[in-house]
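K.L.:
One file is attached below, my_file29.cif, containing mmCIF, C-alpha atoms.
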```
data_input
loop_
_atom_site.label_atom_id
_atom_site.label_comp_id
_atom_site.auth_asym_id
_atom_site.auth_seq_id
_atom_site.Cartn_x
_atom_site.Cartn_y
_atom_site.Cartn_z
CA MET A 1 -30.39 -19.78 -39.70
CA PRO A 2 -26.81 -19.57 -38.43
CA LEU A 3 -24.19 -18.27 -40.83
CA THR A 4 -21.61 -20.41 -42.60
CA ASP A 5 -18.28 -19.43 -44.13
CA ALA A 6 -19.62 -20.39 -47.56
CA LYS A 7 -22.60 -18.06 -47.23
CA ILE A 8 -20.32 -15.20 -46.08
CA ARG A 9 -17.93 -15.72 -49.01
CA ASN A 10 -20.72 -15.98 -51.57
CA THR A 11 -22.62 -12.87 -50.47
CA LYS A 12 -21.60 -9.99 -52.71
CA PRO A 13 -21.72 -6.34 -51.58
CA GLY A 14 -24.58 -4.22 -52.81
CA ASP A 15 -25.41 -0.55 -53.09
CA LYS A 16 -26.44 -0.50 -49.44
CA PRO A 17 -25.07 -2.29 -46.35
CA ILE A 18 -26.25 -5.90 -46.05
CA ARG A 19 -26.81 -7.52 -42.65
CA LEU A 20 -26.41 -11.28 -42.29
CA PRO A 21 -27.75 -12.44 -38.88
CA ASP A 22 -26.07 -15.34 -37.07
CA GLY A 23 -28.15 -15.51 -33.91
CA GLY A 24 -27.88 -14.16 -30.40
CA TRP A 25 -27.88 -10.59 -31.76
CA LEU A 26 -24.66 -11.21 -33.69
CA TYR A 27 -24.63 -10.22 -37.35
CA LEU A 28 -22.19 -9.55 -40.17
CA GLU A 29 -22.49 -6.23 -41.97
CA ILE A 30 -21.27 -6.25 -45.58
CA ARG A 31 -20.66 -2.72 -46.81
CA PRO A 32 -20.67 -1.50 -50.42
CA SER A 33 -16.89 -1.18 -50.19
CA GLY A 34 -16.67 -4.93 -49.62
CA ALA A 35 -15.69 -4.69 -45.96
CA LYS A 36 -17.31 -7.40 -43.80
CA LEU A 37 -17.73 -6.29 -40.19
CA TRP A 38 -18.93 -8.27 -37.17
CA ARG A 39 -21.45 -6.46 -35.00
CA PHE A 40 -23.19 -7.36 -31.73
CA ARG A 41 -26.42 -5.54 -30.84
CA TYR A 42 -27.46 -5.26 -27.20
CA ARG A 43 -29.45 -3.16 -24.71
CA ILE A 44 -28.41 -1.67 -21.37
CA ALA A 45 -30.83 0.49 -19.37
CA GLY A 46 -33.33 0.28 -22.23
CA LYS A 47 -30.95 1.85 -24.75
CA GLU A 48 -29.78 -0.05 -27.83
CA ASN A 49 -26.05 -0.21 -28.49
CA ILE A 50 -23.83 -1.83 -31.11
CA PHE A 51 -20.48 -3.39 -30.27
CA ALA A 52 -17.91 -3.65 -33.11
CA ILE A 53 -16.19 -7.03 -32.77
CA GLY A 54 -13.87 -6.92 -35.77
CA GLU A 55 -13.53 -7.57 -39.49
CA TYR A 56 -14.00 -10.82 -41.39
CA PHE A 57 -11.60 -11.71 -44.21
CA SER A 58 -11.91 -14.63 -46.61
CA ASP A 59 -8.19 -15.26 -46.16
CA LYS A 60 -6.61 -15.39 -42.72
CA ARG A 61 -4.56 -12.30 -42.06
CA GLU A 62 -3.56 -10.19 -39.08
CA GLY A 63 -6.68 -8.90 -37.33
CA HIS A 64 -8.89 -11.54 -38.97
CA VAL A 65 -11.98 -12.46 -36.92
CA SER A 66 -13.33 -15.79 -38.05
CA LEU A 67 -16.91 -16.96 -37.64
CA ASP A 68 -15.96 -19.06 -34.60
CA ASP A 69 -13.99 -16.13 -33.10
CA ALA A 70 -16.97 -13.80 -33.59
CA ARG A 71 -19.28 -16.21 -31.76
CA LYS A 72 -16.84 -16.48 -28.85
CA GLU A 73 -16.61 -12.71 -28.62
CA ARG A 74 -20.41 -12.49 -28.76
CA ASP A 75 -20.68 -14.85 -25.79
CA LYS A 76 -18.16 -12.81 -23.80
CA ALA A 77 -20.00 -9.61 -24.69
CA ARG A 78 -23.37 -11.07 -23.63
CA ALA A 79 -21.89 -12.06 -20.25
CA LEU A 80 -20.69 -8.47 -19.75
CA VAL A 81 -24.04 -7.03 -20.80
CA ASN A 82 -25.77 -9.25 -18.24
CA GLN A 83 -23.57 -7.53 -15.61
CA GLY A 84 -24.49 -4.10 -16.96
CA ILE A 85 -21.05 -3.57 -18.51
CA HIS A 86 -20.62 -2.18 -22.00
CA PRO A 87 -18.30 -4.52 -23.98
CA ALA A 88 -16.58 -1.55 -25.66
CA HIS A 89 -15.75 -0.04 -22.26
CA GLN A 90 -14.33 -3.36 -21.09
CA ARG A 91 -12.18 -3.70 -24.21
CA GLN A 92 -10.87 -0.16 -23.76
CA ALA A 93 -9.97 -0.91 -20.14
CA GLU A 94 -8.20 -4.12 -21.17
CA ARG A 95 -6.22 -2.31 -23.88
CA LEU A 96 -5.22 0.36 -21.41
CA ALA A 97 -4.13 -2.31 -18.92
CA THR A 98 -2.11 -4.06 -21.64
CA HIS A 99 -0.50 -0.76 -22.65
CA THR A 100 0.30 -0.01 -19.01
CA GLU A 101 1.80 -3.47 -18.53
CA SER A 102 3.91 -3.00 -21.66
CA ALA A 103 5.13 0.38 -20.43
CA ASN A 104 5.94 -1.04 -16.99
CA THR A 105 8.48 -3.57 -18.19
CA PHE A 106 11.19 -4.76 -15.83
CA GLU A 107 13.77 -2.64 -17.65
CA ALA A 108 11.61 0.49 -17.54
CA VAL A 109 10.99 0.15 -13.81
CA ALA A 110 14.62 -0.80 -13.14
CA ARG A 111 15.91 2.29 -14.97
CA GLU A 112 13.45 4.44 -13.05
CA TRP A 113 14.74 2.90 -9.78
CA ILE A 114 18.33 3.52 -10.87
CA ALA A 115 17.52 7.17 -11.62
CA LYS A 116 16.00 7.53 -8.13
CA LYS A 117 19.04 5.99 -6.43
CA LYS A 118 21.67 7.66 -8.60
CA PRO A 119 22.17 10.73 -6.36
CA THR A 120 23.06 8.48 -3.41
CA TRP A 121 25.52 6.27 -5.32
CA THR A 122 29.13 6.77 -6.30
CA PRO A 123 29.81 6.90 -10.07
CA TYR A 124 31.62 3.55 -9.76
CA TYR A 125 28.64 1.84 -8.09
CA LEU A 126 26.27 3.34 -10.66
CA ARG A 127 28.38 1.97 -13.52
CA GLN A 128 28.50 -1.41 -11.78
CA VAL A 129 24.70 -1.62 -11.45
CA GLU A 130 24.06 -0.46 -15.02
CA ARG A 131 26.75 -2.72 -16.50
CA PHE A 132 25.51 -5.97 -14.99
CA MET A 133 21.83 -5.14 -15.45
CA GLU A 134 22.42 -4.42 -19.14
CA ALA A 135 24.64 -7.46 -19.66
CA ASP A 136 22.84 -10.13 -17.62
CA VAL A 137 19.30 -9.08 -16.72
CA PHE A 138 17.71 -6.84 -19.37
CA PRO A 139 18.40 -9.23 -22.30
CA LYS A 140 16.48 -11.98 -20.46
CA ILE A 141 13.55 -10.22 -18.76
CA GLY A 142 13.93 -6.54 -19.62
CA LYS A 143 10.97 -6.44 -22.01
CA HIS A 144 8.67 -8.51 -19.78
CA PRO A 145 5.96 -6.68 -17.80
CA ILE A 146 7.43 -6.56 -14.30
CA ARG A 147 4.26 -8.04 -12.84
CA ASN A 148 4.81 -11.17 -14.95
CA VAL A 149 8.45 -11.84 -14.05
CA THR A 150 8.81 -15.01 -11.98
CA ALA A 151 11.26 -16.30 -9.41
CA ALA A 152 12.16 -19.12 -11.81
CA GLN A 153 13.28 -16.62 -14.45
CA LEU A 154 15.40 -14.73 -11.92
CA LEU A 155 16.91 -17.97 -10.65
CA GLU A 156 17.96 -18.89 -14.19
CA ILE A 157 19.72 -15.52 -14.52
CA VAL A 158 21.63 -15.64 -11.23
CA LYS A 159 22.56 -19.30 -11.72
CA ALA A 160 24.02 -18.47 -15.13
CA ILE A 161 26.11 -15.71 -13.55
CA GLU A 162 27.22 -18.04 -10.77
CA GLY A 163 28.08 -20.67 -13.38
CA ARG A 164 30.73 -18.45 -14.92
CA GLY A 165 32.42 -18.08 -11.56
CA ALA A 166 31.01 -14.66 -10.64
CA GLU A 167 29.25 -15.57 -7.39
CA THR A 168 29.57 -12.08 -5.96
CA VAL A 169 27.97 -10.57 -9.07
CA ALA A 170 25.14 -13.13 -8.84
CA LEU A 171 24.47 -12.06 -5.25
CA LEU A 172 24.47 -8.40 -6.24
CA VAL A 173 22.12 -8.99 -9.18
CA ARG A 174 19.64 -10.79 -6.92
CA GLN A 175 19.91 -7.93 -4.43
CA TRP A 176 19.37 -5.27 -7.11
CA ALA A 177 16.46 -7.16 -8.67
CA SER A 178 14.86 -7.44 -5.25
CA ALA A 179 15.20 -3.67 -4.76
CA VAL A 180 13.59 -3.06 -8.17
CA PHE A 181 10.63 -5.26 -7.27
CA ARG A 182 10.20 -3.58 -3.88
CA TYR A 183 10.16 -0.24 -5.67
CA ALA A 184 7.58 -1.61 -8.13
CA VAL A 185 5.41 -2.85 -5.26
CA ALA A 186 5.64 0.55 -3.56
CA THR A 187 4.54 2.26 -6.79
CA LEU A 188 1.68 -0.23 -7.37
CA ARG A 189 3.23 -1.87 -10.43
CA ALA A 190 3.94 -5.27 -8.88
CA ASP A 191 2.28 -7.39 -6.23
CA ALA A 192 5.31 -9.09 -4.69
CA ASP A 193 9.09 -9.47 -4.79
CA PRO A 194 9.91 -12.83 -6.44
CA ALA A 195 13.64 -12.20 -5.89
CA ALA A 196 13.09 -12.52 -2.14
CA ALA A 197 12.47 -16.24 -2.60
CA LEU A 198 16.00 -16.65 -3.98
CA LYS A 199 17.83 -15.79 -0.77
CA GLY A 200 20.32 -18.55 -0.12
CA ALA A 201 20.12 -19.87 -3.69
CA ILE A 202 23.63 -18.60 -4.45
CA HIS A 203 26.65 -19.77 -2.47
CA ARG A 204 28.33 -16.78 -0.88
CA PRO A 205 32.08 -17.00 -1.61
CA LYS A 206 34.51 -16.84 1.27
CA ILE A 207 35.80 -13.32 1.73
CA GLU A 208 39.51 -13.06 1.04
CA HIS A 209 40.88 -10.01 2.80
CA ARG A 210 43.41 -7.92 0.92
CA LYS A 211 46.91 -9.04 1.74
CA PRO A 212 49.03 -6.25 3.24
CA LEU A 213 52.68 -5.73 2.41
CA THR A 214 55.27 -6.42 5.10
CA ARG A 215 58.02 -3.91 5.81
CA ASP A 216 60.44 -5.92 3.67
CA GLN A 217 57.90 -6.12 0.86
CA ILE A 218 57.34 -2.35 1.03
CA LYS A 219 61.05 -1.85 0.45
CA ALA A 220 61.00 -4.33 -2.45
CA PHE A 221 57.92 -2.62 -3.87
CA VAL A 222 59.49 0.85 -3.82
CA LYS A 223 62.65 -0.54 -5.45
CA ALA A 224 60.61 -2.31 -8.14
CA LEU A 225 58.58 0.83 -8.72
CA ASP A 226 61.76 2.87 -9.23
CA GLY A 227 62.75 0.46 -11.99
CA TYR A 228 59.30 0.23 -13.61
CA ALA A 229 59.48 1.00 -17.34
CA GLY A 230 55.82 1.94 -17.79
CA TYR A 231 54.15 5.35 -17.85
CA ARG A 232 55.43 7.79 -15.25
CA THR A 233 51.85 8.67 -14.33
CA THR A 234 51.25 5.01 -13.38
CA VAL A 235 54.34 5.08 -11.14
CA ILE A 236 53.10 8.26 -9.46
CA ALA A 237 49.63 6.76 -8.99
CA LEU A 238 51.05 3.69 -7.22
CA ARG A 239 53.31 5.83 -5.02
CA LEU A 240 50.34 7.98 -4.06
CA MET A 241 48.32 4.85 -3.27
CA LEU A 242 51.03 3.84 -0.81
CA LEU A 243 51.31 7.32 0.71
CA THR A 244 47.60 8.20 0.97
CA PHE A 245 45.99 4.72 1.17
CA VAL A 246 42.75 5.97 -0.37
CA ARG A 247 40.50 3.64 -2.33
CA THR A 248 41.61 2.99 -5.90
CA VAL A 249 38.46 4.54 -7.36
CA GLU A 250 39.03 7.69 -5.30
CA LEU A 251 42.57 8.10 -6.62
CA ARG A 252 41.82 7.21 -10.22
CA GLY A 253 38.90 9.63 -10.43
CA ALA A 254 40.68 12.49 -8.63
CA LEU A 255 40.29 15.99 -10.09
CA TRP A 256 42.81 18.80 -9.88
CA THR A 257 40.12 21.04 -8.40
CA GLU A 258 40.16 18.77 -5.31
CA ILE A 259 43.88 19.31 -4.70
CA ASP A 260 45.27 22.25 -2.72
CA LEU A 261 49.04 21.94 -2.87
CA ASP A 262 49.64 25.10 -0.83
CA ARG A 263 47.56 23.76 2.05
CA ALA A 264 48.81 20.22 1.40
CA GLU A 265 45.25 18.87 1.36
CA TRP A 266 43.14 16.74 -0.92
CA ARG A 267 39.42 17.23 -0.34
CA ILE A 268 37.34 14.47 -1.92
CA PRO A 269 33.65 15.44 -2.34
CA ALA A 270 30.91 13.24 -0.90
CA GLU A 271 29.64 12.09 -4.30
CA ARG A 272 32.95 10.33 -4.97
CA MET A 273 33.19 8.64 -1.58
CA LYS A 274 31.84 5.18 -0.79
CA MET A 275 30.18 6.40 2.41
CA ARG A 276 28.84 9.57 0.74
CA GLU A 277 30.68 11.81 3.20
CA PRO A 278 33.35 14.37 2.19
CA HIS A 279 36.85 13.25 3.06
CA ILE A 280 40.06 15.18 3.72
CA VAL A 281 43.40 13.60 2.91
CA PRO A 282 46.32 15.49 4.50
CA LEU A 283 49.20 15.37 2.03
CA SER A 284 52.72 14.61 3.21
CA ARG A 285 55.69 16.48 1.82
CA GLN A 286 56.48 13.47 -0.36
CA ALA A 287 52.91 13.35 -1.71
CA VAL A 288 52.99 17.06 -2.55
CA GLU A 289 56.26 16.59 -4.46
CA LEU A 290 54.73 13.77 -6.48
CA LEU A 291 51.63 15.85 -7.24
CA ARG A 292 53.73 18.80 -8.39
CA GLU A 293 55.54 16.46 -10.78
CA LEU A 294 52.24 14.95 -11.92
CA HIS A 295 50.94 18.45 -12.63
CA THR A 296 53.57 18.82 -15.35
CA HIS A 297 52.05 15.77 -17.06
CA THR A 298 48.28 16.20 -16.56
CA GLY A 299 47.84 19.63 -14.96
CA GLY A 300 46.19 20.97 -18.10
CA ARG A 301 43.41 18.42 -17.84
CA GLY A 302 40.60 18.04 -15.36
CA MET A 303 41.67 14.65 -14.03
CA LEU A 304 44.92 13.72 -12.33
CA PHE A 305 44.99 10.37 -14.11
CA PRO A 306 43.13 10.50 -17.45
CA ASN A 307 42.84 7.36 -19.51
CA TYR A 308 45.37 7.47 -22.37
CA ARG A 309 42.99 5.71 -24.76
CA ASN A 310 39.94 7.72 -23.77
CA PRO A 311 40.97 11.02 -22.13
CA LYS A 312 37.37 11.75 -21.11
CA THR A 313 37.54 8.89 -18.60
CA CYS A 314 40.00 8.13 -15.84
CA MET A 315 42.70 5.49 -15.51
CA THR A 316 41.31 2.00 -15.00
CA ALA A 317 41.95 -0.23 -11.99
CA THR A 318 43.38 -2.74 -14.45
CA THR A 319 46.21 -0.31 -15.22
CA LEU A 320 47.38 -0.33 -11.60
CA ASN A 321 47.01 -4.07 -11.11
CA ARG A 322 48.76 -4.78 -14.43
CA ALA A 323 51.70 -2.68 -13.27
CA LEU A 324 51.79 -4.63 -9.99
CA GLU A 325 51.68 -7.83 -11.99
CA ARG A 326 54.64 -6.78 -14.14
CA MET A 327 56.57 -5.97 -10.98
CA GLY A 328 55.84 -9.42 -9.59
CA PHE A 329 53.40 -8.40 -6.85
CA ASN A 330 50.16 -9.53 -8.49
CA GLY A 331 49.05 -12.48 -10.61
CA LYS A 332 50.17 -16.10 -10.58
CA ASP A 333 53.30 -17.08 -8.65
CA SER A 334 53.22 -13.82 -6.69
CA ILE A 335 52.19 -12.65 -3.22
CA GLY A 336 48.73 -11.84 -4.61
CA PHE A 337 48.87 -8.13 -3.80
CA SER A 338 46.42 -5.74 -5.47
CA ALA A 339 46.15 -1.96 -5.56
CA HIS A 340 43.45 -2.04 -2.88
CA GLY A 341 45.93 -3.73 -0.53
CA PHE A 342 47.72 -0.46 0.22
CA ARG A 343 44.90 0.36 2.65
CA ALA A 344 45.39 -2.89 4.55
CA THR A 345 49.15 -2.32 4.53
CA ALA A 346 48.90 1.11 6.14
CA SER A 347 46.18 0.03 8.59
CA THR A 348 48.14 -3.02 9.74
CA ILE A 349 51.46 -1.27 10.31
CA LEU A 350 49.98 1.89 11.86
CA ASN A 351 47.92 -0.18 14.28
CA GLU A 352 50.95 -2.32 15.16
CA ILE A 353 52.98 0.81 15.89
CA GLY A 354 50.33 2.14 18.21
CA PHE A 355 48.50 4.93 16.43
CA ARG A 356 45.04 5.54 17.79
CA PRO A 357 42.50 3.35 15.98
CA ASP A 358 40.05 6.24 15.67
CA VAL A 359 42.66 8.31 13.82
CA ILE A 360 43.51 5.45 11.48
CA GLU A 361 39.86 4.58 10.80
CA ARG A 362 39.00 8.21 10.12
CA GLN A 363 41.82 8.44 7.59
CA LEU A 364 40.64 5.23 5.95
CA ALA A 365 37.20 6.90 5.66
CA HIS A 366 35.46 3.92 7.20
CA ALA A 367 31.82 4.36 8.18
CA GLU A 368 31.04 5.90 11.54
CA ARG A 369 27.57 4.78 12.59
CA ASN A 370 27.16 7.59 15.07
CA LYS A 371 26.79 10.68 12.86
CA VAL A 372 27.42 13.11 15.73
CA ARG A 373 30.59 11.27 16.65
CA ALA A 374 31.63 11.18 12.99
CA SER A 375 31.39 14.95 12.74
CA TYR A 376 33.30 15.35 16.00
CA ASN A 377 36.03 12.99 14.77
CA GLN A 378 36.42 14.86 11.51
CA ALA A 379 37.01 18.12 13.35
CA GLU A 380 39.29 16.79 16.11
CA TYR A 381 41.43 14.27 14.26
CA LEU A 382 42.58 16.34 11.28
CA GLU A 383 45.84 17.52 12.87
CA ASP A 384 46.49 14.05 14.29
CA ARG A 385 45.96 12.61 10.85
CA ARG A 386 48.19 15.22 9.27
CA ALA A 387 51.04 14.25 11.63
CA MET A 388 50.39 10.54 11.08
CA MET A 389 50.45 10.86 7.29
CA GLN A 390 53.78 12.71 7.37
CA GLN A 391 55.32 10.17 9.71
CA TRP A 392 54.02 7.35 7.53
CA ALA A 393 55.59 8.92 4.42
CA ASP A 394 58.89 9.45 6.27
CA MET A 395 58.94 5.80 7.31
CA ILE A 396 58.28 4.68 3.71
CA GLU A 397 61.16 6.90 2.60
CA GLU A 398 63.48 5.37 5.21
CA MET A 399 62.41 1.84 4.25
CA ALA A 400 63.41 2.50 0.65
CA LYS A 401 66.98 3.38 1.55
CA ASP A 402 69.63 0.81 0.70
CA ASP A 403 71.25 0.94 4.14
CA GLY A 404 68.32 -0.95 5.58
CA LYS A 405 68.08 1.34 8.61
CA VAL A 406 64.63 2.55 9.50
CA THR A 407 64.02 5.44 11.86
CA PRO A 408 61.29 4.35 14.29
CA ILE A 409 58.03 6.09 13.57
CA LYS A 410 56.65 8.22 16.37
CA LYS A 411 53.39 7.25 17.95
CA ALA A 412 50.49 9.63 17.89
CA ALA A 413 49.70 11.29 21.16
CA ALA A 414 47.32 9.20 23.24
#
```
Could you take the file, read its structure, and then write that structure out as structure tokens?
P.N.:
Amino acid sequence: MPLTDAKIRNTKPGDKPIRLPDGGWLYLEIRPSGAKLWRFRYRIAGKENIFAIGEYFSDKREGHVSLDDARKERDKARALVNQGIHPAHQRQAERLATHTESANTFEAVAREWIAKKKPTWTPYYLRQVERFMEADVFPKIGKHPIRNVTAAQLLEIVKAIEGRGAETVALLVRQWASAVFRYAVATLRADADPAAALKGAIHRPKIEHRKPLTRDQIKAFVKALDGYAGYRTTVIALRLMLLTFVRTVELRGALWTEIDLDRAEWRIPAERMKMREPHIVPLSRQAVELLRELHTHTGGRGMLFPNYRNPKTCMTATTLNRALERMGFNGKDSIGFSAHGFRATASTILNEIGFRPDVIERQLAHAERNKVRASYNQAEYLEDRRAMMQQWADMIEEMAKDDGKVTPIKKAAA
């Protein structure tokens, strides 16, 4: 006769184990300790086996296997036995799969992907990826098995980012998520890339090119910088941005070990460059003078421009743009100039004057698709660039004079 809950509750443990059959080779074993254990007896290849289903409790608690649950598990086990599969082996495989799925969460795979890509990224790009992943992605889907993450979940994330006005970040997050899924597919932890379906879901904002300074604005900038009441190191940083037209992250993260004042050269290692190629910045006489002055302020530290609040990090981009804002060059009711605009300023004027585009582009450290040509350019253009940088600094110096006269800059040899 099939078991009932009343019969199970009323059966008291004895000196020896008691077996209460339910049918279909399912029975409940009541041990002297009072434990009530569900068991399923079966045969495979003529050998008898017992499958432990779980424990029965009179009150429902975690791990409780009710009478109905035990019968359902018995039916599943019988179906496996009919296929020649041991139920215990199947349960072990399922637990292992669940454990593997839990270990292969989106965050776990994403951090593994980040670690793989880290050697090829600049520190700035690495911080950017980690920052937005930790702020926008991991809290939503980080703990989900990556195989279970859907396109709908990703769309909700990127739409939320877009909704706060950060369209570019939304595009980057979709791009990074897609790369994580492709990595997961390649390592057999995902079947597809759901982020691929979101291409075109985010409106790509119109690119606003950095506004360059005109000659008159350069003069006004130098004059405003001379009267700036902020930190002297900030003034020097902005002057060096104008004279060297490197990227802001390259200047802010500069180390004294990269500077050779005797040779008048600044050698930026590949790991700090956007294009992952080492870059030489010939230093004009004016730049060397500024660096010698800066050395009296920060020469005892590793970085040229340490952060005053946290000396272990470098000056922030906000520091430079805030200074420009206070001088009336950035922010509302201004010309909308940012620290990155020094590159466009130099490129525009040097091209207008007639310097060779290859020389200018090489100094801007723009990508050269032809690697052989890039190496050739680096070797041949250094002296041309050295002359150009000195002439550029001389012209800036002339522009800053109150008499308004500017000595025409010499063109580079054709």
K.L.:
Do a neighbour search on stretch 151-157 of chain A at 12 Å with only C-alpha atoms, toss out local chain neighbours closer than 2 positions, and write the hits as a short mmCIF file (atom, residue, chain, number, x, y, z; two decimals) with C-alpha atoms, keeping the file's coordinate frame.
P.N.:
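Written output follows (selection34.cif):
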```
data_model
loop_
_atom_site.label_atom_id
_atom_site.label_comp_id
_atom_site.auth_asym_id
_atom_site.auth_seq_id
_atom_site.Cartn_x
_atom_site.Cartn_y
_atom_site.Cartn_z
CA PHE A 106 11.19 -4.76 -15.83
CA PHE A 132 25.51 -5.97 -14.99
CA MET A 133 21.83 -5.14 -15.45
CA ALA A 135 24.64 -7.46 -19.66
CA ASP A 136 22.84 -10.13 -17.62
CA VAL A 137 19.30 -9.08 -16.72
CA PHE A 138 17.71 -6.84 -19.37
CA PRO A 139 18.40 -9.23 -22.30
CA LYS A 140 16.48 -11.98 -20.46
CA ILE A 141 13.55 -10.22 -18.76
CA GLY A 142 13.93 -6.54 -19.62
CA HIS A 144 8.67 -8.51 -19.78
CA ILE A 146 7.43 -6.56 -14.30
CA ARG A 147 4.26 -8.04 -12.84
CA ASN A 148 4.81 -11.17 -14.95
CA VAL A 149 8.45 -11.84 -14.05
CA LYS A 159 22.56 -19.30 -11.72
CA ALA A 160 24.02 -18.47 -15.13
CA ILE A 161 26.11 -15.71 -13.55
CA GLU A 162 27.22 -18.04 -10.77
CA GLY A 163 28.08 -20.67 -13.38
CA ARG A 164 30.73 -18.45 -14.92
CA ALA A 166 31.01 -14.66 -10.64
CA GLU A 167 29.25 -15.57 -7.39
CA VAL A 169 27.97 -10.57 -9.07
CA ALA A 170 25.14 -13.13 -8.84
CA LEU A 171 24.47 -12.06 -5.25
CA LEU A 172 24.47 -8.40 -6.24
CA VAL A 173 22.12 -8.99 -9.18
CA ARG A 174 19.64 -10.79 -6.92
CA GLN A 175 19.91 -7.93 -4.43
CA TRP A 176 19.37 -5.27 -7.11
CA ALA A 177 16.46 -7.16 -8.67
CA SER A 178 14.86 -7.44 -5.25
CA PHE A 181 10.63 -5.26 -7.27
CA ALA A 192 5.31 -9.09 -4.69
CA ASP A 193 9.09 -9.47 -4.79
CA PRO A 194 9.91 -12.83 -6.44
CA ALA A 195 13.64 -12.20 -5.89
CA ALA A 196 13.09 -12.52 -2.14
CA ALA A 197 12.47 -16.24 -2.60
CA LEU A 198 16.00 -16.65 -3.98
CA LYS A 199 17.83 -15.79 -0.77
CA GLY A 200 20.32 -18.55 -0.12
CA ALA A 201 20.12 -19.87 -3.69
CA ILE A 202 23.63 -18.60 -4.45
#
```
K.L.:
Find the spatial neighbours of A:Ile85, counting only C-alpha atoms, within a cut-off of 12 Å - ignore same-chain residues fewer than 4 positions away - and output them as a PDB file with C-alpha atoms, in the coordinates of the input.
P.N.:
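Written file, part35.pdb:
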```pdb
ATOM      1  CA  TYR A  42     -27.460  -5.260 -27.200  1.00  0.00           C
ATOM      2  CA  ARG A  43     -29.450  -3.160 -24.710  1.00  0.00           C
ATOM      3  CA  ILE A  44     -28.410  -1.670 -21.370  1.00  0.00           C
ATOM      4  CA  ALA A  45     -30.830   0.490 -19.370  1.00  0.00           C
ATOM      5  CA  ASN A  49     -26.050  -0.210 -28.490  1.00  0.00           C
ATOM      6  CA  PHE A  51     -20.480  -3.390 -30.270  1.00  0.00           C
ATOM      7  CA  LYS A  76     -18.160 -12.810 -23.800  1.00  0.00           C
ATOM      8  CA  ALA A  77     -20.000  -9.610 -24.690  1.00  0.00           C
ATOM      9  CA  ARG A  78     -23.370 -11.070 -23.630  1.00  0.00           C
ATOM     10  CA  ALA A  79     -21.890 -12.060 -20.250  1.00  0.00           C
ATOM     11  CA  LEU A  80     -20.690  -8.470 -19.750  1.00  0.00           C
ATOM     12  CA  VAL A  81     -24.040  -7.030 -20.800  1.00  0.00           C
ATOM     13  CA  HIS A  89     -15.750  -0.040 -22.260  1.00  0.00           C
ATOM     14  CA  GLN A  90     -14.330  -3.360 -21.090  1.00  0.00           C
ATOM     15  CA  ARG A  91     -12.180  -3.700 -24.210  1.00  0.00           C
ATOM     16  CA  GLN A  92     -10.870  -0.160 -23.760  1.00  0.00           C
ATOM     17  CA  ALA A  93      -9.970  -0.910 -20.140  1.00  0.00           C
TER      18      ALA A  93
END
```
K.L.:
Would you mind telling me which residue in A:Gln363, A:Arg326, A:Gln390, A:Leu251 lies nearest to A:Ala229 when using only C-alpha atoms?
P.N.:
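So, comparing all the options, the nearest one is A:Arg326.
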K.L.:
For the structure shown, which residues end up in the PyMOL selection byres ((chain A and resi 291) around 9)? Put them as a PDB file with C-alpha atoms, in the coordinates of the input, please?
P.N.:
```pdb
ATOM      1  CA  ILE A 236      53.100   8.260  -9.460  1.00  0.00           C
ATOM      2  CA  LEU A 240      50.340   7.980  -4.060  1.00  0.00           C
ATOM      3  CA  ILE A 259      43.880  19.310  -4.700  1.00  0.00           C
ATOM      4  CA  LEU A 261      49.040  21.940  -2.870  1.00  0.00           C
ATOM      5  CA  GLN A 286      56.480  13.470  -0.360  1.00  0.00           C
ATOM      6  CA  ALA A 287      52.910  13.350  -1.710  1.00  0.00           C
ATOM      7  CA  VAL A 288      52.990  17.060  -2.550  1.00  0.00           C
ATOM      8  CA  GLU A 289      56.260  16.590  -4.460  1.00  0.00           C
ATOM      9  CA  LEU A 290      54.730  13.770  -6.480  1.00  0.00           C
ATOM     10  CA  ARG A 292      53.730  18.800  -8.390  1.00  0.00           C
ATOM     11  CA  GLU A 293      55.540  16.460 -10.780  1.00  0.00           C
ATOM     12  CA  LEU A 294      52.240  14.950 -11.920  1.00  0.00           C
ATOM     13  CA  HIS A 295      50.940  18.450 -12.630  1.00  0.00           C
ATOM     14  CA  THR A 296      53.570  18.820 -15.350  1.00  0.00           C
ATOM     15  CA  LEU A 304      44.920  13.720 -12.330  1.00  0.00           C
TER      16      LEU A 304
END
```
K.L.:
Could you expand the PyMOL selection byres ((chain A and resi 265) around 7) into the explicit residues it covers here, written as a list of chain:residue names?
P.N.:
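Output of the PyMOL selection byres ((chain A and resi 265) around 7): A:Ile259, A:Asp260, A:Leu261, A:Arg263, A:Ala264, A:Trp266, A:Arg267, A:Ile280, A:Val281, A:Pro282, A:Leu283.
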K.L.:
May I have the protein, DNA and RNA residues with any atom at most 9 Å from the point (-23.8, -10.3, -41.9), counting only C-alpha atoms, written as a JSON list (two decimals) with C-alpha atoms, keeping the file's coordinate frame?
P.N.:
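Listing of result-v2.json after writing:
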```json
[["chain", "number", "residue", "atom", "x", "y", "z"],
["A", 3, "LEU", "CA", -24.19, -18.27, -40.83],
["A", 8, "ILE", "CA", -20.32, -15.20, -46.08],
["A", 18, "ILE", "CA", -26.25, -5.90, -46.05],
["A", 19, "ARG", "CA", -26.81, -7.52, -42.65],
["A", 20, "LEU", "CA", -26.41, -11.28, -42.29],
["A", 21, "PRO", "CA", -27.75, -12.44, -38.88],
["A", 22, "ASP", "CA", -26.07, -15.34, -37.07],
["A", 26, "LEU", "CA", -24.66, -11.21, -33.69],
["A", 27, "TYR", "CA", -24.63, -10.22, -37.35],
["A", 28, "LEU", "CA", -22.19, -9.55, -40.17],
["A", 29, "GLU", "CA", -22.49, -6.23, -41.97],
["A", 30, "ILE", "CA", -21.27, -6.25, -45.58],
["A", 36, "LYS", "CA", -17.31, -7.40, -43.80],
["A", 37, "LEU", "CA", -17.73, -6.29, -40.19],
["A", 38, "TRP", "CA", -18.93, -8.27, -37.17],
["A", 39, "ARG", "CA", -21.45, -6.46, -35.00]]
```
